[in-house]
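K.L.:
Just dropping this structure here.
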Protein chains: 2
Amino acid sequence: MSHLTPDSMSAQGLEAFLHEKIPLTRAMGLRVAESNAQRLVLEAPLDRNVNHLGTAFGGSLHTLPTLACYSALWTLLHEAGIDGHVVVKHSEANYRAPVTGTLRAVCARPPAAACAGFLNDLRRHRKARMILSVTVEGANGKPAVEFSGSFVALV
Amino acid sequence: MSHLTPDSMSAQGLEAFLHEKIPLTRAMGLRVAESNAQRLVLEAPLDRNVNHLGTAFGGSLHTLPTLACYSALWTLLHEAGIDGHVVVKHSEANYRAPVTGTLRAVCARPPAAACAGFLNDLRRHRKARMILSVTVEGANGKPAVEFSGSFVALV
């Protein structure tokens with residue numbers, strides 16, 4: 001069993017991996033709502049991630065998308081049969097509106113050509129970089145946080 | 001008693017406020033190492049903030065500086081006798097090296113002129129913006145993470 005990526009990328013398998021390996025995800029009450037080749041969706045309840053103003057804490061609003069990106073890249077590696085590290089190199093977010101209910105981070109998979117290039121780089125150079133975007137939805141599904149991160153995979 | 005900022009900006013008062021109002025800080029084991037007019041230093045143990053690779057989790061490495069910035073701005077407001085909200089509008093970080101021990105985020109106060117401008121804006125327009133930088137120290141105190149955030153205070 002690898003310790004670098006989940007054995008299973010089912011929602012259940014991914015959630016178990018995150019809860020076991022990254023204890024803060026348990027404290028956040030993180031739940032994997034969707035895990036598939038199209039997108040990764042993570043959720044967390046407001047009460048575990050609340051701030052002093054009664055809205056979602058900025059730290060949680062950055063952490064949830066970071067985890068969605070790791071998970072999206074693990075899915076890609078899993079499909080390609082590659083066991084590798086994934087690390088974050090840069091991340092940034094614009095916080096446009098407070099989140100007043102469940103935190104929900106949606107990471108859509110980049111276009112097929114970008115994914116193929118990433119996997120090719122990884123096979124050839126044992127290292128590859130991918131930029132991923134995530135939206136945290138607020139009221140009525142409108143974007144409340146826009147996150148972008150640059151991640152590196154290493155084998 | 002205000003619910004917007006700590007009653008006391010002593011290390012102990014600030015830590016109690018964070019633990020009470022932002023439950024994730026308890027899960028992180030957050031400790032206020034220094035709280036004064038020169039700088040804000042927050043720490044958290046690795047075991048509570050570890051990732052699947054045995055190093056500090058990227059989410060924690062972004063959350064700790066975010067909290068250091070809130071705390072630095074609360075200190076400024078406190079000194080000026082102003083009770084106001086502080087919210088994060090934008091944040092970004094470069095993760096240069098893994099952190100393999102205690103997480104330690106150091107937020108130095110900006111130059112006096114910048115602080116005076118911020119407080120003047122807040123008094124005149126009931127709103128002011130400040131950009132703050134934080135370093136998370138890695139082995140031997142070298143910068144492991146460089147964080148920058150844009151924060152808005154409202155009264």
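All residue names refer to the structure tokens as shown: chains lettered A, B, ... in order, residues numbered from 1 in each chain, ligands numbered from 1 in order.
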With DSSP run on the backbone, what are the strand (DSSP E) residues within stretch 79-111 of chain B? I'd like them as a ChimeraX atom specification.

P.N.:
/B:85-95,103-108

K.L.:
If you keep N, CA and C atoms, can you produce a file of those selected residues as a PDB file, in the first residue's frame?

P.N.:
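As a result, part.pdb now contains:
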ATOM      1  N   HIS B  85     -14.491  45.201  12.304  1.00  0.00           N
ATOM      2  CA  HIS B  85     -14.295  43.912  11.621  1.00  0.00           C
ATOM      3  C   HIS B  85     -12.962  43.919  10.897  1.00  0.00           C
ATOM      4  N   VAL B  86     -12.371  42.746  10.749  1.00  0.00           N
ATOM      5  CA  VAL B  86     -11.260  42.575   9.821  1.00  0.00           C
ATOM      6  C   VAL B  86     -11.584  41.363   8.954  1.00  0.00           C
ATOM      7  N   VAL B  87     -11.519  41.530   7.644  1.00  0.00           N
ATOM      8  CA  VAL B  87     -11.769  40.398   6.736  1.00  0.00           C
ATOM      9  C   VAL B  87     -10.641  40.298   5.709  1.00  0.00           C
ATOM     10  N   VAL B  88     -10.411  39.068   5.228  1.00  0.00           N
ATOM     11  CA  VAL B  88      -9.378  38.861   4.215  1.00  0.00           C
ATOM     12  C   VAL B  88     -10.028  38.980   2.833  1.00  0.00           C
ATOM     13  N   LYS B  89      -9.367  39.729   1.932  1.00  0.00           N
ATOM     14  CA  LYS B  89      -9.897  39.902   0.566  1.00  0.00           C
ATOM     15  C   LYS B  89      -9.102  39.088  -0.454  1.00  0.00           C
ATOM     16  N   HIS B  90      -7.799  39.033  -0.266  1.00  0.00           N
ATOM     17  CA  HIS B  90      -6.936  38.273  -1.175  1.00  0.00           C
ATOM     18  C   HIS B  90      -5.774  37.720  -0.359  1.00  0.00           C
ATOM     19  N   SER B  91      -5.356  36.518  -0.673  1.00  0.00           N
ATOM     20  CA  SER B  91      -4.143  36.002  -0.042  1.00  0.00           C
ATOM     21  C   SER B  91      -3.399  35.144  -1.042  1.00  0.00           C
ATOM     22  N   GLU B  92      -2.078  35.130  -0.898  1.00  0.00           N
ATOM     23  CA  GLU B  92      -1.280  34.248  -1.741  1.00  0.00           C
ATOM     24  C   GLU B  92      -0.023  33.842  -0.994  1.00  0.00           C
ATOM     25  N   ALA B  93       0.517  32.690  -1.393  1.00  0.00           N
ATOM     26  CA  ALA B  93       1.712  32.185  -0.720  1.00  0.00           C
ATOM     27  C   ALA B  93       2.555  31.385  -1.685  1.00  0.00           C
ATOM     28  N   ASN B  94       3.872  31.518  -1.518  1.00  0.00           N
ATOM     29  CA  ASN B  94       4.839  30.647  -2.177  1.00  0.00           C
ATOM     30  C   ASN B  94       5.383  29.690  -1.125  1.00  0.00           C
ATOM     31  N   TYR B  95       5.305  28.395  -1.457  1.00  0.00           N
ATOM     32  CA  TYR B  95       5.745  27.350  -0.543  1.00  0.00           C
ATOM     33  C   TYR B  95       7.112  26.898  -1.057  1.00  0.00           C
ATOM     34  N   LEU B 103       5.331  24.697  13.231  1.00  0.00           N
ATOM     35  CA  LEU B 103       4.979  25.752  12.280  1.00  0.00           C
ATOM     36  C   LEU B 103       5.058  27.082  13.033  1.00  0.00           C
ATOM     37  N   ARG B 104       5.720  28.073  12.447  1.00  0.00           N
ATOM     38  CA  ARG B 104       5.946  29.351  13.140  1.00  0.00           C
ATOM     39  C   ARG B 104       5.775  30.477  12.133  1.00  0.00           C
ATOM     40  N   ALA B 105       4.722  31.276  12.298  1.00  0.00           N
ATOM     41  CA  ALA B 105       4.405  32.355  11.358  1.00  0.00           C
ATOM     42  C   ALA B 105       4.713  33.691  12.002  1.00  0.00           C
ATOM     43  N   VAL B 106       5.544  34.492  11.325  1.00  0.00           N
ATOM     44  CA  VAL B 106       5.993  35.777  11.866  1.00  0.00           C
ATOM     45  C   VAL B 106       5.455  36.908  10.990  1.00  0.00           C
ATOM     46  N   CYS B 107       4.630  37.770  11.587  1.00  0.00           N
ATOM     47  CA  CYS B 107       4.078  38.930  10.874  1.00  0.00           C
ATOM     48  C   CYS B 107       4.644  40.196  11.512  1.00  0.00           C
ATOM     49  N   ALA B 108       5.560  40.850  10.790  1.00  0.00           N
ATOM     50  CA  ALA B 108       6.128  42.112  11.283  1.00  0.00           C
ATOM     51  C   ALA B 108       5.170  43.247  10.934  1.00  0.00           C
TER      52      ALA B 108
END

K.L.:
Using only C-alpha atoms, which chain A residues lie at most 10 Å away from chain B, written as number ranges by chain?

P.N.:
A: 3-6, 17-28, 47-54, 56-67, 85-98, 145-150

K.L.:
Within stretch 30-143 of chain B, find each residue whose DSSP state, derived from the backbone, is alpha helix (DSSP H), and express the selection as an MDAnalysis selection string.

P.N.:
chainID B and resid 58:80 112:125

K.L.:
Taking 2 positions as the minimum chain separation for residues in the same chain, which residues sit within 8 Å of stretch 72-80 of chain A when counting only C-alpha atoms? Answer as an MDAnalysis selection string.

P.N.:
chainID A and resid 5:6 9 35:37 39:40 68:70 82:84 86 107 109 115 119

K.L.:
Taking only C-alpha atoms into account, which of B:Ala139, B:Ala44, B:Ala33, B:Leu154 comes nearest B:Gly13?

P.N.:
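Comparing B:Ala139, B:Ala44, B:Ala33, B:Leu154 against B:Gly13, the winner is B:Ala33.
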
K.L.:
For a quick check of understanding, using only C-alpha atoms, which of B:Lys142, B:Gly29, B:Thr102, B:Phe118 has the smallest distance to B:Thr55?

P.N.:
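Answer, going by the shortest atom-to-atom distance: B:Thr102.
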
K.L.:
For A:Arg129, please output as a list in words all residues within 9 Å (counting only C-alpha atoms; exclusion window: fewer than 5 positions along the same chain).

P.N.:
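Answer for this query is Phe118, Asp121, Leu122, Ser150, Phe151, Val152 and Ala153 of chain A.
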
K.L.:
Deliver the residues from the most recent selection as a file, using C-alpha atoms, as a compact mmCIF listing (two decimals), in the first residue's frame.

P.N.:
# COMPACT_ATOMS: atom_id res chain seq x y z
CA PHE A 118 1.21 16.86 -17.34
CA ASP A 121 6.16 15.44 -18.33
CA LEU A 122 5.83 13.25 -15.27
CA SER A 150 0.33 25.65 -8.82
CA PHE A 151 1.11 22.06 -7.89
CA VAL A 152 4.06 19.82 -8.64
CA ALA A 153 3.99 16.05 -8.91

K.L.:
Just give me the gap between atom CA of B:Met130 and atom CA of B:Ala113 in Å, one decimal is fine.

P.N.:
11.9 Å

K.L.:
So which one's closest to B:Lys127, B:Leu42, B:Val155, B:Val32, B:Gly141? Using only C-alpha atoms, please.

P.N.:
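Smallest separation from B:Lys127 among the options: B:Val155.
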